[in-house]
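Structure file input25.txt; described as compact mmCIF, C-alpha atoms.
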```txt
# COMPACT_ATOMS: atom_id res chain seq x y z
CA MET A 27 39.24 55.72 39.40
CA VAL A 28 41.31 52.78 38.11
CA THR A 29 38.14 51.08 36.85
CA ALA A 30 37.05 54.20 34.91
CA ASN A 31 40.51 54.54 33.37
CA LYS A 32 40.60 50.86 32.45
CA ARG A 33 37.17 51.19 30.83
CA LYS A 34 38.37 54.20 28.77
CA VAL A 35 41.48 52.35 27.68
CA ASP A 36 39.41 49.28 26.74
CA GLN A 37 37.05 51.45 24.69
CA ALA A 38 39.94 53.18 22.93
CA LEU A 39 41.55 49.83 22.17
CA ASP A 40 38.29 48.53 20.75
CA VAL A 41 38.02 51.53 18.42
CA ILE A 42 41.64 51.18 17.34
CA ARG A 43 41.18 47.45 16.74
CA LYS A 44 38.06 47.98 14.63
CA GLU A 45 39.58 50.80 12.61
CA THR A 46 42.82 48.91 12.07
CA SER A 47 40.84 45.92 10.89
CA ARG A 48 38.86 48.09 8.50
CA ILE A 49 41.96 49.75 7.06
CA GLN A 50 43.71 46.39 6.66
CA GLU A 51 40.70 44.93 4.87
CA LEU A 52 40.66 47.90 2.51
CA ALA A 53 44.39 47.49 1.88
CA LEU A 54 43.89 43.79 1.21
CA THR A 55 41.35 44.49 -1.52
CA LEU A 56 43.77 46.92 -3.14
CA TYR A 57 46.77 44.64 -2.67
CA GLY A 58 44.99 41.59 -4.10
CA THR A 59 46.10 42.47 -7.62
CA GLY A 60 49.77 42.30 -6.65
CA LYS A 61 52.04 39.29 -6.66
CA GLU A 62 52.99 36.91 -3.94
CA GLU A 63 56.55 37.32 -2.74
CA LEU A 64 59.20 35.13 -1.22
CA VAL A 65 59.54 36.18 2.44
CA ASP A 66 61.41 34.93 5.48
CA LEU A 67 58.76 33.85 8.01
CA THR A 68 61.21 34.39 10.87
CA GLU A 69 61.96 37.94 9.76
CA LYS A 70 58.23 38.75 9.61
CA LEU A 71 57.63 37.13 13.01
CA ARG A 72 60.46 39.13 14.60
CA GLU A 73 59.29 42.37 12.96
CA ARG A 74 55.68 41.95 14.13
CA PHE A 75 56.89 40.91 17.62
CA VAL A 76 58.82 44.18 17.96
CA LEU A 77 55.72 46.16 16.93
CA ASN A 78 53.61 44.19 19.40
CA ASP A 79 56.16 44.90 22.13
CA GLN A 80 55.83 48.63 21.46
CA ALA A 81 52.03 48.41 21.64
CA VAL A 82 52.25 46.49 24.94
CA LYS A 83 54.56 49.18 26.37
CA GLU A 84 52.37 52.06 25.17
CA LEU A 85 49.33 50.40 26.74
CA LYS A 86 51.32 50.04 29.97
CA LEU A 87 50.70 46.32 30.18
CA GLY A 88 53.65 45.78 32.49
CA ASN A 89 52.41 42.35 33.40
CA ILE A 90 53.65 40.90 30.08
CA ARG A 91 57.25 39.76 29.65
CA GLN A 92 58.07 39.31 25.98
CA ARG A 93 60.76 36.80 25.09
CA GLU A 94 62.26 35.59 21.85
CA GLY A 95 62.86 31.87 21.84
CA GLU A 96 64.93 30.09 19.20
CA LEU A 97 64.41 31.72 15.80
CA GLN A 98 65.60 29.72 12.79
CA SER A 99 66.29 31.79 9.71
CA PRO A 100 65.74 31.85 6.85
CA LEU A 101 62.39 30.06 6.62
CA ARG A 102 61.29 31.09 3.14
CA ILE A 103 57.60 31.01 2.29
CA ARG A 104 55.63 32.36 -0.65
CA CYS A 105 52.76 34.71 0.22
CA TYR A 106 51.40 38.22 0.11
CA PRO A 107 53.46 39.96 2.83
CA LEU A 108 50.35 41.77 4.07
CA HIS A 109 48.61 38.42 4.65
CA ILE A 110 51.34 36.94 6.85
CA GLU A 111 51.66 40.24 8.71
CA ARG A 112 47.93 40.21 9.41
CA VAL A 113 48.10 36.60 10.65
CA LEU A 114 51.01 37.33 12.99
CA ASP A 115 49.53 40.63 14.23
CA ASN A 116 46.21 38.96 15.06
CA LEU A 117 47.86 36.11 16.94
CA LEU A 118 50.29 38.37 18.83
CA ASN A 119 47.49 40.77 19.78
CA ASN A 120 45.25 37.94 20.98
CA ALA A 121 48.12 36.34 22.92
CA SER A 122 48.95 39.65 24.61
CA ARG A 123 45.35 40.20 25.66
CA ALA A 124 45.08 36.62 26.95
CA VAL A 125 47.94 36.93 29.45
CA PRO A 126 46.37 36.81 32.93
CA GLU A 127 46.16 40.10 34.88
CA GLU A 128 48.64 38.80 37.45
CA GLY A 129 51.20 38.64 34.65
CA GLY A 130 52.92 36.19 32.41
CA GLU A 131 55.00 35.67 29.33
CA LEU A 132 54.60 36.03 25.58
CA THR A 133 57.12 34.01 23.59
CA ILE A 134 57.88 33.51 19.90
CA ARG A 135 59.82 30.74 18.16
CA SER A 136 60.37 29.67 14.58
CA TYR A 137 61.76 26.47 13.15
CA GLN A 138 61.59 24.00 10.30
CA ARG A 139 59.47 20.86 10.67
CA GLU A 140 60.14 18.56 7.72
CA SER A 141 59.07 20.59 4.64
CA TRP A 142 57.19 23.19 6.69
CA ALA A 143 58.07 26.57 8.20
CA VAL A 144 56.62 26.98 11.70
CA ALA A 145 55.99 30.24 13.57
CA GLU A 146 55.04 29.67 17.19
CA ILE A 147 53.38 32.21 19.51
CA ALA A 148 52.86 31.16 23.13
CA ASN A 149 51.38 32.99 26.09
CA SER A 150 50.77 32.35 29.76
CA GLY A 151 47.23 31.21 30.41
CA GLU A 152 45.22 28.23 29.22
CA MET A 153 42.44 28.07 26.67
CA PRO A 154 39.54 25.68 27.32
CA GLU A 155 39.52 22.60 25.07
CA ASP A 156 36.00 23.45 23.81
CA ASP A 157 37.22 26.88 22.64
CA ILE A 158 40.16 25.25 20.82
CA ASP A 159 37.83 22.79 19.08
CA ARG A 160 35.48 25.60 18.00
CA LEU A 161 38.41 27.67 16.78
CA LEU A 162 39.86 24.85 14.69
CA ARG A 163 36.41 24.20 13.18
CA GLY A 164 36.26 27.88 12.13
CA GLU A 165 33.63 28.80 14.70
CA SER A 166 35.65 31.29 16.74
CA LYS A 167 33.92 34.25 18.37
CA GLY A 168 36.03 37.03 16.86
CA ARG A 169 36.64 37.97 13.24
CA GLY A 170 40.39 38.14 13.78
CA LEU A 171 40.90 34.41 14.23
CA LEU A 172 38.48 33.61 11.41
CA ILE A 173 40.43 35.88 9.04
CA THR A 174 43.69 34.43 10.35
CA SER A 175 42.52 30.90 9.65
CA ARG A 176 41.42 31.82 6.12
CA PHE A 177 44.75 33.47 5.31
CA ILE A 178 46.68 30.46 6.57
CA LYS A 179 44.59 28.10 4.42
CA ARG A 180 44.99 30.41 1.42
CA MET A 181 48.78 30.18 1.88
CA GLY A 182 48.54 26.36 1.81
CA GLY A 183 49.17 26.04 5.51
CA LYS A 184 47.49 25.01 8.71
CA MET A 185 47.23 26.15 12.31
CA GLU A 186 47.69 24.14 15.48
CA VAL A 187 46.59 25.20 18.95
CA GLU A 188 47.78 23.55 22.14
CA SER A 189 46.92 24.57 25.68
CA ARG A 190 48.46 22.80 28.66
CA GLN A 191 50.50 23.36 31.79
CA GLY A 192 49.51 27.04 32.01
CA THR A 193 50.48 27.95 28.43
CA THR A 194 48.59 28.33 25.16
CA THR A 195 50.57 27.92 21.94
CA PHE A 196 49.49 28.79 18.41
CA ARG A 197 51.53 27.35 15.54
CA VAL A 198 51.30 28.73 12.02
CA ILE A 199 52.58 26.01 9.69
CA LEU A 200 53.33 27.00 6.09
CA PRO A 201 55.01 25.27 3.14
CA LEU A 202 58.73 26.02 2.84
CA VAL A 203 60.16 27.21 -0.46
CA LYS A 204 63.62 25.78 -1.09
CA GLU A 205 64.47 27.85 -4.17
CA GLU A 206 62.98 30.87 -5.86
CA GLY A 207 59.57 29.72 -7.03
CA SER A 208 59.61 26.03 -6.13
CA PRO A 209 57.95 24.68 -2.98
CA ARG A 210 59.91 22.16 -0.95
CA GLU A 211 58.80 18.61 -1.37
```

Starting from the coordinates I provided, produce the structure as structure tokens.
Amino acid sequence: MVTANKRKVDQALDVIRKETSRIQELALTLYGTGKEELVDLTEKLRERFVLNDQAVKELKLGNIRQREGELQSPLRIRCYPLHIERVLDNLLNNASRAVPEEGGELTIRSYQRESWAVAEIANSGEMPEDDIDRLLRGESKGRGLLITSRFIKRMGGKMEVESRQGTTTFRVILPLVKEEGSPRE
């Protein structure tokens, strides 16, 4: 019975994921004519983390403990808000699904590294080095990480992935903006 229910939930999640992706892609084409905005990366990370927490609870994934680490604010970046939201949603969703069945933790952090704003998403469980290499070369299996990587590059940033000691960490690294309109140097 549990297996049949799990299969139904997995199928429903797959439909929701595909439809959400489709709707977001449609919105992106419509939003593309807008203007980039100055946003606080930490605020967006916190906002998306709360939404992810609700999704985890609704899916009854009680094996995931969500924790906010140190969150430095403001970390101002210039981007289309929908793009950074998509990046964070994809990474949080992937991190939640990657937590081992026996349970684990999903943690977020944000901080400044020199002239960069960094959003960090970490989860219990390790990712094989070969998968990390493929991902960073843009050869990931899923569309989500490919789209995520493209958005990050479009925003002038980069992504780091580290997996060791039972934890996988994704870092989204974007240029800080020190004043309205001028990137930090």

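Interatomic distance, CA of Leu77 (chain A) to CA of Gly182 (chain A): 25.9 Å.
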
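Atom to atom, CA of Asn116 (chain A) and CA of Leu171 (chain A) stand 7.0 Å apart.
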
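Closest to Glu188 (chain A) among A:Asn149, A:Ser175, A:Asn119, A:Thr68 is A:Asn149, based on only C-alpha atoms.
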
Can you measure CA of Ala124 (chain A) to CA of Ser189 (chain A) for me? One decimal in Å is fine.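 So the two atoms, CA of Ala124 (chain A) and CA of Ser189 (chain A), lie 12.3 Å apart.
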
Select all residues near (60.7, 28.4, 7.4) (cut-off 8 Å, inclusive, file coordinates), counting all atoms listed in the file, and output them as a PDB file with C-alpha atoms, in the coordinates of the input.
```
ATOM      1  CA  ASP A  66      61.410  34.930   5.480  1.00  0.00           C
ATOM      2  CA  LEU A  67      58.760  33.850   8.010  1.00  0.00           C
ATOM      3  CA  THR A  68      61.210  34.390  10.870  1.00  0.00           C
ATOM      4  CA  GLN A  98      65.600  29.720  12.790  1.00  0.00           C
ATOM      5  CA  SER A  99      66.290  31.790   9.710  1.00  0.00           C
ATOM      6  CA  PRO A 100      65.740  31.850   6.850  1.00  0.00           C
ATOM      7  CA  LEU A 101      62.390  30.060   6.620  1.00  0.00           C
ATOM      8  CA  ARG A 102      61.290  31.090   3.140  1.00  0.00           C
ATOM      9  CA  ILE A 103      57.600  31.010   2.290  1.00  0.00           C
ATOM     10  CA  SER A 136      60.370  29.670  14.580  1.00  0.00           C
ATOM     11  CA  TYR A 137      61.760  26.470  13.150  1.00  0.00           C
ATOM     12  CA  GLN A 138      61.590  24.000  10.300  1.00  0.00           C
ATOM     13  CA  TRP A 142      57.190  23.190   6.690  1.00  0.00           C
ATOM     14  CA  ALA A 143      58.070  26.570   8.200  1.00  0.00           C
ATOM     15  CA  VAL A 144      56.620  26.980  11.700  1.00  0.00           C
ATOM     16  CA  ALA A 145      55.990  30.240  13.570  1.00  0.00           C
ATOM     17  CA  LEU A 200      53.330  27.000   6.090  1.00  0.00           C
ATOM     18  CA  PRO A 201      55.010  25.270   3.140  1.00  0.00           C
ATOM     19  CA  LEU A 202      58.730  26.020   2.840  1.00  0.00           C
ATOM     20  CA  VAL A 203      60.160  27.210  -0.460  1.00  0.00           C
TER      21      VAL A 203
END
```

Which is closest to Asp159 (chain A) among A:Glu62, A:Leu71, A:Gly192, A:Glu186, if we use only C-alpha atoms? A:Glu186

Test item: residues at most 9 Å from Glu146 (chain A), all atoms listed in the file, excluding those fewer than 5 positions along its chain, as a ChimeraX atom specification: /A:71,133-137,195-199

Identify which of the residues A:Met181, A:Leu85, A:Leu132, A:Leu117 lies closest to Ser150 (chain A), counting all atoms listed in the file when measuring atom-to-atom distances.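 The shortest atom-to-atom distance to Ser150 (chain A) comes from A:Leu132.
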
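Of the listed residues A:Ile178, A:Ala30, A:Ile147, A:Ala38, the one whose atoms come nearest to Leu162 (chain A) is A:Ile178, with distances taken using all atoms listed in the file.
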
Just the residues within 10 Å of Glu131 (chain A), please, counting only C-alpha atoms, with nothing from its chain fewer than 6 positions along; format it as a ChimeraX atom specification. /A:89-93,121-122,125,148-151,193

Point out the residue among A:Glu94, A:Pro154, A:Leu39, A:Val65 with the least atom-to-atom distance to Val187 (chain A), counting all atoms listed in the file.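 Among A:Glu94, A:Pro154, A:Leu39, A:Val65, it is A:Pro154 that comes nearest to Val187 (chain A).
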
Once all heavy atoms are restored for region 84-95 of chain A, what would the output be as a short mmCIF file (atom, residue, chain, number, x, y, z; two decimals), keeping the file's coordinate frame?
```cif
data_model
loop_
_atom_site.label_atom_id
_atom_site.label_comp_id
_atom_site.auth_asym_id
_atom_site.auth_seq_id
_atom_site.Cartn_x
_atom_site.Cartn_y
_atom_site.Cartn_z
N GLU A 84 53.20 50.85 25.23
CA GLU A 84 52.37 52.06 25.17
C GLU A 84 51.07 51.88 25.95
O GLU A 84 50.55 52.84 26.50
CB GLU A 84 52.06 52.41 23.71
CG GLU A 84 53.26 53.00 23.00
CD GLU A 84 52.96 53.38 21.56
OE1 GLU A 84 51.79 53.64 21.24
OE2 GLU A 84 53.93 53.41 20.78
N LEU A 85 50.55 50.67 25.99
CA LEU A 85 49.33 50.40 26.74
C LEU A 85 49.60 50.16 28.22
O LEU A 85 48.68 49.90 28.99
CB LEU A 85 48.60 49.20 26.14
CG LEU A 85 48.09 49.41 24.72
CD1 LEU A 85 47.57 48.10 24.14
CD2 LEU A 85 47.03 50.48 24.70
N LYS A 86 50.89 50.22 28.58
CA LYS A 86 51.32 50.04 29.97
C LYS A 86 50.87 48.70 30.55
O LYS A 86 50.38 48.62 31.67
CB LYS A 86 50.87 51.20 30.84
CG LYS A 86 51.50 52.53 30.42
CD LYS A 86 51.05 53.66 31.28
CE LYS A 86 51.70 54.98 31.00
NZ LYS A 86 52.05 55.39 29.72
N LEU A 87 51.02 47.67 29.74
CA LEU A 87 50.70 46.32 30.18
C LEU A 87 51.98 45.70 30.75
O LEU A 87 52.58 44.81 30.15
CB LEU A 87 50.14 45.48 29.03
CG LEU A 87 48.84 45.97 28.40
CD1 LEU A 87 48.47 45.14 27.20
CD2 LEU A 87 47.72 45.97 29.43
N GLY A 88 52.40 46.20 31.88
CA GLY A 88 53.65 45.78 32.49
C GLY A 88 53.66 44.35 32.98
O GLY A 88 54.69 43.82 33.37
N ASN A 89 52.50 43.72 32.92
CA ASN A 89 52.41 42.35 33.40
C ASN A 89 52.88 41.33 32.35
O ASN A 89 52.90 40.15 32.62
CB ASN A 89 50.97 42.04 33.82
CG ASN A 89 49.99 42.10 32.64
OD1 ASN A 89 50.19 42.84 31.68
ND2 ASN A 89 48.91 41.35 32.74
N ILE A 90 53.26 41.81 31.16
CA ILE A 90 53.65 40.90 30.08
C ILE A 90 55.16 40.99 29.85
O ILE A 90 55.69 42.06 29.57
CB ILE A 90 52.92 41.24 28.76
CG1 ILE A 90 51.41 41.13 28.97
CG2 ILE A 90 53.38 40.32 27.64
CD1 ILE A 90 50.60 41.60 27.77
N ARG A 91 55.82 39.85 29.98
CA ARG A 91 57.25 39.76 29.65
C ARG A 91 57.35 39.13 28.28
O ARG A 91 56.90 38.00 28.08
CB ARG A 91 57.99 38.92 30.69
CG ARG A 91 58.05 39.54 32.06
CD ARG A 91 58.72 38.63 33.08
NE ARG A 91 58.23 37.26 33.11
CZ ARG A 91 57.12 36.85 33.71
NH1 ARG A 91 56.35 37.72 34.33
NH2 ARG A 91 56.76 35.58 33.70
N GLN A 92 57.92 39.84 27.33
CA GLN A 92 58.07 39.31 25.98
C GLN A 92 59.46 38.70 25.84
O GLN A 92 60.45 39.28 26.28
CB GLN A 92 57.83 40.41 24.93
CG GLN A 92 56.41 40.87 24.92
CD GLN A 92 55.99 41.47 23.59
OE1 GLN A 92 54.83 41.46 23.29
NE2 GLN A 92 56.89 41.97 22.79
N ARG A 93 59.50 37.52 25.21
CA ARG A 93 60.76 36.80 25.09
C ARG A 93 60.84 36.13 23.72
O ARG A 93 59.90 35.50 23.27
CB ARG A 93 60.84 35.75 26.19
CG ARG A 93 62.16 34.98 26.23
CD ARG A 93 62.22 34.03 27.42
NE ARG A 93 61.25 32.96 27.36
CZ ARG A 93 61.41 31.83 26.65
NH1 ARG A 93 62.48 31.65 25.94
NH2 ARG A 93 60.49 30.89 26.68
N GLU A 94 61.99 36.30 23.10
CA GLU A 94 62.26 35.59 21.85
C GLU A 94 62.89 34.25 22.19
O GLU A 94 63.90 34.19 22.87
CB GLU A 94 63.24 36.37 20.97
CG GLU A 94 62.65 37.51 20.23
CD GLU A 94 63.61 38.14 19.23
OE1 GLU A 94 64.67 37.53 18.90
OE2 GLU A 94 63.31 39.25 18.77
N GLY A 95 62.27 33.19 21.72
CA GLY A 95 62.86 31.87 21.84
C GLY A 95 63.79 31.65 20.65
O GLY A 95 64.22 32.61 20.00
#
```
